[in-house]
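A quick write-up on the structure given underneath.
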Amino acid sequence: MQVERKRSGWAIWIALSLAALAAPQRLSDLDRLSFVGDEETSALPAKALAEGKGNVMPTGMEYRRALPLTRLNAAIASRFGLENPWSYRVSSAVAGVISVPVVYGAARMFVGPQAALVAGVAVAFSEWHVLFSRMGRMYVPFLLFYVLSAWMLWSWVRGGDPRRLALGAAAFAGATSMHALALFALQFPVIALVFPGAAVSVGAVLVAVALMGVPSWLYTRWTDSPYGAWSDPVSGAEFGVVEAAGLAVTPAMLVGVALGIVGFWLGLRAARLLADGTPAQAPRWWQLAAGGTAGVAIALAYWWGAALCLAGMLLVSTGERATWVRRAWRPLAALALLGAGSSAYAVVSLGLSEGIKSLVSFPFPYPLFMLPQFPLFMGLFALGCMYFVIRRYEPGKDGDDQTGARGAALAALLTVAGIGVASSWGETRYLLHMYPFLLMVGAWGLVEGCGVALSRLGLQGRGMGWRGAACALLILAGADPGHGVPVTVRTAGMTHGQPTRPATHVFELRPDHEGPGRYVRERLLATDVVVAEDPLQQHWYAGRVDYWLRHPNHAPGAVFRDDAGDLRDIYIGSRWPLDGDALARAQESAAGRIWVLTSAETLEARDLNAGQQEWLAGVRDTYLPVYVGRDGVTTVYCIPPRGFDTDSAPCPAGLTE
């Protein structure tokens, strides 16, 4: 009892210390940089709410996403200033600080105290976590509630304490109020059942999951319903959207279905042979489901998906791997032949490059995008998963730390698979809630690897208790490019125009929308027209944006037609000129000046269509910029009014340097 009390005391002090270490890089100078990456999407309804208009966008569309956060930000903005970016960022920054000790506490449950110290230090000094903590969006508050919910629900199933269920349900409600991805938290009580030793019955877990999951799903539907009410998805070639054709049965489809059925049977057969040779505590139903799905993926040559399914099957298996391969060699060999044939067909029919891509394209391979963000931890996570797959699970011998580490790895892989099936956008922000569990597994692998190295050197017992501290110092020093003191100092002190890593920041440099937007706002007349590449953020600073330069395919479900038949976006009501002719007509009919704002955040070759690019090139060839933002890229052009009407003013002199 005395030892446990001492350990708890140390854990509390470490958690508080981690929070203190995490605070400066998240809370300092939050108002220094202009909005970026959809921050204004959260700030606009919060500002409207503070002004007594309700949680609405400038168009009048109600914004229900992360509604509690919107209300909190509105209260803060009412006190500290509606135009101050700090007001809309501080809640996320505070959530970022609190989430660090929460991750540490959860990691103690999943991977043990030494690896938990490494994971806590890693998230405290994480470029990714610091970046999102300093942004006025819901992702870090969501992460806080998500990790807390996962921790409590896992420990409820493993320990049986109903108070943990109550805390987990409350945290899950908080996560649901922030983002629809909260539903992924409900995998943790189910995964906790997969491993032997659960203290709660299957029925109780399923009832709890249903009682939490159904309201969460309904709340998500309610949250998104204004989008359906406002958006008017258009079809037709001029918008770049073609109505889906009816399902046509083709020979290729029939062959694919046949291959999938055969692959499922072979995978099920191989999994059954594994389950039959596994002690009774192994979850037979899990192995059969994962094995059958892996068989389908192999037969259709979705090798990345097959790897995820096989990992899910073997992570929890107590059976000997070599024995299973010998017993199941026939279905495994048949699956290998099917997969090789499908792979060869893909390469021949699609070409070498596209064929190889197709073999790893489903589910979408998000880890490839995360690898540049933190290569060391991604490598450690991959090695840890491979170790768990190759080495059979021995519940009595491995202990709680490895059970938790295997559970965290399985949850991370299931999240990667689920997001990869649902979305191929490539935005890693959808995996931010999985990130702490990836760090936990990587930290476990680093600490255990240090232990193996010390043992090989004959230093058993010497320094074993300090492995976590030594590994934490390694992370602090910057052994991983995405973690450590150097990268977090750089992130917290970022300036406009500073080069960034697109894999983490989405863009190649930190854009400045405030300077150009305010420059236009100070000179904007009622007769003027504003054309912008990034109107949501530039609306915040310029006051209004009349035309949005964007490729029609960008968001066909986020527009509506007004009474005049013009396409407008559902957030701020900017018109969408679909081609250069529409822009030329707008230019001809403008009563005043036309302000054109480009954006360093926009990749014009990707984000603008050919007509818009041609029109913008003409503007650049004809007029000198009148203002260049602090990023050195975001630029303001002014097109003078046609007749220099008395109600209009001339353009400022263009910059010559």
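Every chain in the structure tokens takes a letter, A first, then B, and so on in the order presented; its residues are numbered from 1, and the ligands are numbered from 1 following the presented order.
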
Excluding Gln587 of chain A and its own-chain neighbours fewer than 5 positions away, which residues fall within 9 Å of it when counting only C-alpha atoms? Please give them as a count of residues only.
7

Neighbouring residues of Gly557 of chain A were defined as those with any atom within 7 Å, considering only C-alpha atoms; residues of the same chain fewer than 2 positions away were excluded. Please report them as an NGL selection string.
:A and (231-233 or 555 or 559)

Name the closest residue to Thr491 of chain A among the candidates A:Asp38, A:Gly341, A:Thr504, A:Lys47; distances are taken between atoms, counting only C-alpha atoms.
A:Thr504

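When only C-alpha atoms are used to compute distances to Val94 of chain A, the closest of the residues A:Leu376, A:Leu167, A:Leu30, A:Ala46 turns out to be A:Leu30.
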
Work out how far atom CA of Thr220 of chain A is from atom CA of Val207 of chain A, in Å to one decimal.
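If I compute the distance from atom CA of Val207 of chain A to atom CA of Thr220 of chain A, I get 20.0 Å.
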
Do you know which residues are at most 10 Å from Phe110 of chain A counting only C-alpha atoms, after dropping those on the same chain fewer than 6 positions away, and could you put them as an MDAnalysis selection string?
chainID A and resid 104 116 151 154:155 400:409 437 440:441 444

From the set A:Glu320, A:Glu427, A:Glu62, A:Glu533, which residue has the shortest atom-to-atom contact distance to Leu368 of chain A, counting only C-alpha atoms?
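Of all the options, A:Glu427 lies closest to Leu368 of chain A.
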
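Of the listed residues (A:Leu117, A:Ala346, A:Ala294, A:Val90), A:Ala294 comes nearest to Met313 of chain A; the distances count only C-alpha atoms.
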
List the neighbours of segment 413-421 of chain A out to 12 Å using only C-alpha atoms; skip same-chain residues closer than 4 positions along the sequence, and give me the result as an MDAnalysis selection string.
chainID A and resid 180:188 190:191 290 302 304:313 315 360:370 381:382 385 406:409 425:435 437:438 441

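In this comparison, which uses only C-alpha atoms, the residue of A:Leu300, A:Met253, A:Leu536, A:Val626 approaching Tyr519 of chain A most closely is A:Val626.
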
Do you know which residues are at most 9 Å from Leu153 of chain A counting only C-alpha atoms, after dropping those on the same chain fewer than 3 positions away, and could you put them as a ChimeraX atom specification?
/A:148-150,156-158,164-169,185-186,188-189,192

For a test of reading the model, state the distance in Å between atom CA of Ser216 of chain A and atom CA of Arg89 of chain A, rounded to one decimal.
25.9 Å

Env of Val619 of chain A: 10 Å cut, atoms = only C-alpha atoms, seq-sep filter 5 positions within chain, self excluded. Answer as a ChimeraX atom specification.
/A:596,613-614,624-625,637-639

Among segment 302-435 of chain A, which ones does DSSP assign to helix (DSSP H, G or I) (computed from the backbone)? Answer as a ChimeraX atom specification.
/A:303-314,321-327,329-350,352-359,366-370,375-390,395-422,428-431,435

Determine the nearest neighbour of Ala107 of chain A from the options A:Ala340, A:Ala19, A:Leu383, A:Leu439, counting only C-alpha atoms.
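Using only C-alpha atoms, Ala107 of chain A sits closest to A:Leu439.
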
Quick one: residues within 12 Å of Gly478 of chain A, only C-alpha atoms counted, chain neighbours fewer than 4 positions away excluded, as a compact mmCIF listing (two decimals) with N, CA, C and O atoms, in the first residue's frame?
# COMPACT_ATOMS: atom_id res chain seq x y z
N VAL A 121 6.21 13.21 -22.51
CA VAL A 121 7.20 14.19 -22.98
C VAL A 121 7.03 14.43 -24.48
O VAL A 121 7.11 15.56 -24.96
N ALA A 122 6.79 13.35 -25.22
CA ALA A 122 6.64 13.47 -26.68
C ALA A 122 5.46 14.35 -27.05
O ALA A 122 5.57 15.21 -27.93
N PHE A 125 6.07 18.07 -26.16
CA PHE A 125 6.99 18.73 -27.09
C PHE A 125 6.79 18.18 -28.50
O PHE A 125 7.72 17.77 -29.17
N SER A 126 5.54 18.18 -28.94
CA SER A 126 5.16 17.69 -30.25
C SER A 126 4.85 18.86 -31.17
O SER A 126 4.01 19.71 -30.85
N GLU A 127 5.50 18.92 -32.30
CA GLU A 127 5.21 19.96 -33.28
C GLU A 127 3.75 19.93 -33.68
O GLU A 127 3.08 20.97 -33.74
N PHE A 374 6.84 12.56 -38.17
CA PHE A 374 7.63 12.06 -37.03
C PHE A 374 8.15 10.67 -37.38
O PHE A 374 7.60 9.65 -36.95
N PRO A 375 9.22 10.62 -38.18
CA PRO A 375 9.72 9.33 -38.69
C PRO A 375 10.17 8.36 -37.61
O PRO A 375 9.97 7.15 -37.75
N LEU A 376 10.78 8.85 -36.53
CA LEU A 376 11.25 7.94 -35.48
C LEU A 376 10.08 7.23 -34.83
O LEU A 376 10.09 6.00 -34.69
N PHE A 377 9.08 7.97 -34.42
CA PHE A 377 7.94 7.35 -33.75
C PHE A 377 7.13 6.48 -34.70
O PHE A 377 6.60 5.44 -34.30
N CYS A 471 15.21 7.81 -22.25
CA CYS A 471 14.52 7.90 -23.55
C CYS A 471 13.79 9.24 -23.69
O CYS A 471 13.75 9.81 -24.78
N ALA A 472 13.24 9.75 -22.58
CA ALA A 472 12.57 11.05 -22.62
C ALA A 472 13.56 12.16 -22.96
O ALA A 472 13.25 13.08 -23.74
N LEU A 473 14.76 12.09 -22.40
CA LEU A 473 15.79 13.08 -22.72
C LEU A 473 16.19 13.00 -24.19
O LEU A 473 16.46 14.03 -24.83
N LEU A 474 16.20 11.80 -24.72
CA LEU A 474 16.51 11.62 -26.14
C LEU A 474 15.47 12.32 -27.01
O LEU A 474 15.81 12.98 -28.00
N GLY A 482 9.87 15.54 -35.45
CA GLY A 482 8.58 16.13 -35.09
C GLY A 482 8.39 16.34 -33.61
O GLY A 482 7.32 16.79 -33.18
N HIS A 483 9.40 16.01 -32.80
CA HIS A 483 9.27 16.13 -31.35
C HIS A 483 10.56 16.69 -30.76
O HIS A 483 11.63 16.52 -31.33
N GLY A 484 10.44 17.31 -29.61
CA GLY A 484 11.61 17.82 -28.93
C GLY A 484 11.56 19.32 -28.74
O GLY A 484 10.71 20.02 -29.29
N VAL A 485 12.48 19.82 -27.96
CA VAL A 485 12.54 21.24 -27.65
C VAL A 485 12.78 22.09 -28.90
O VAL A 485 12.10 23.10 -29.11
N PRO A 486 13.75 21.73 -29.76
CA PRO A 486 14.02 22.61 -30.92
C PRO A 486 12.80 22.85 -31.80
O PRO A 486 12.51 24.00 -32.17
N VAL A 487 12.07 21.79 -32.16
CA VAL A 487 10.96 21.96 -33.10
C VAL A 487 9.78 22.68 -32.45
O VAL A 487 9.08 23.46 -33.11
N THR A 488 9.54 22.48 -31.15
CA THR A 488 8.42 23.17 -30.51
C THR A 488 8.74 24.65 -30.29
O THR A 488 7.84 25.49 -30.38
N VAL A 489 9.99 24.97 -30.02
CA VAL A 489 10.38 26.38 -29.92
C VAL A 489 10.16 27.07 -31.27
O VAL A 489 9.65 28.19 -31.35

Using DSSP on the backbone, list every residue of segment 27-239 of chain A that comes out as strand (DSSP E or B), and give them as JSON, numbers by chain.
{"A": [56, 62, 126, 236]}

Mind writing the picked residues with N, CA, C and O atoms as an mmCIF file, in the first residue's frame?
data_model
loop_
_atom_site.group_PDB
_atom_site.id
_atom_site.type_symbol
_atom_site.label_atom_id
_atom_site.label_comp_id
_atom_site.auth_asym_id
_atom_site.auth_seq_id
_atom_site.Cartn_x
_atom_site.Cartn_y
_atom_site.Cartn_z
ATOM 1 N N VAL A 56 -24.173 31.607 -36.039
ATOM 2 C CA VAL A 56 -24.442 31.547 -37.472
ATOM 3 C C VAL A 56 -23.244 32.069 -38.252
ATOM 4 O O VAL A 56 -22.427 32.844 -37.758
ATOM 5 N N GLU A 62 -26.782 28.234 -39.697
ATOM 6 C CA GLU A 62 -26.408 27.886 -38.333
ATOM 7 C C GLU A 62 -25.212 26.932 -38.355
ATOM 8 O O GLU A 62 -25.185 25.984 -39.136
ATOM 9 N N SER A 126 5.538 18.184 -28.936
ATOM 10 C CA SER A 126 5.162 17.688 -30.249
ATOM 11 C C SER A 126 4.848 18.860 -31.170
ATOM 12 O O SER A 126 4.006 19.709 -30.850
ATOM 13 N N GLY A 236 -23.585 18.470 -63.543
ATOM 14 C CA GLY A 236 -23.385 18.967 -64.889
ATOM 15 C C GLY A 236 -21.935 19.255 -65.157
ATOM 16 O O GLY A 236 -21.151 19.512 -64.248
#
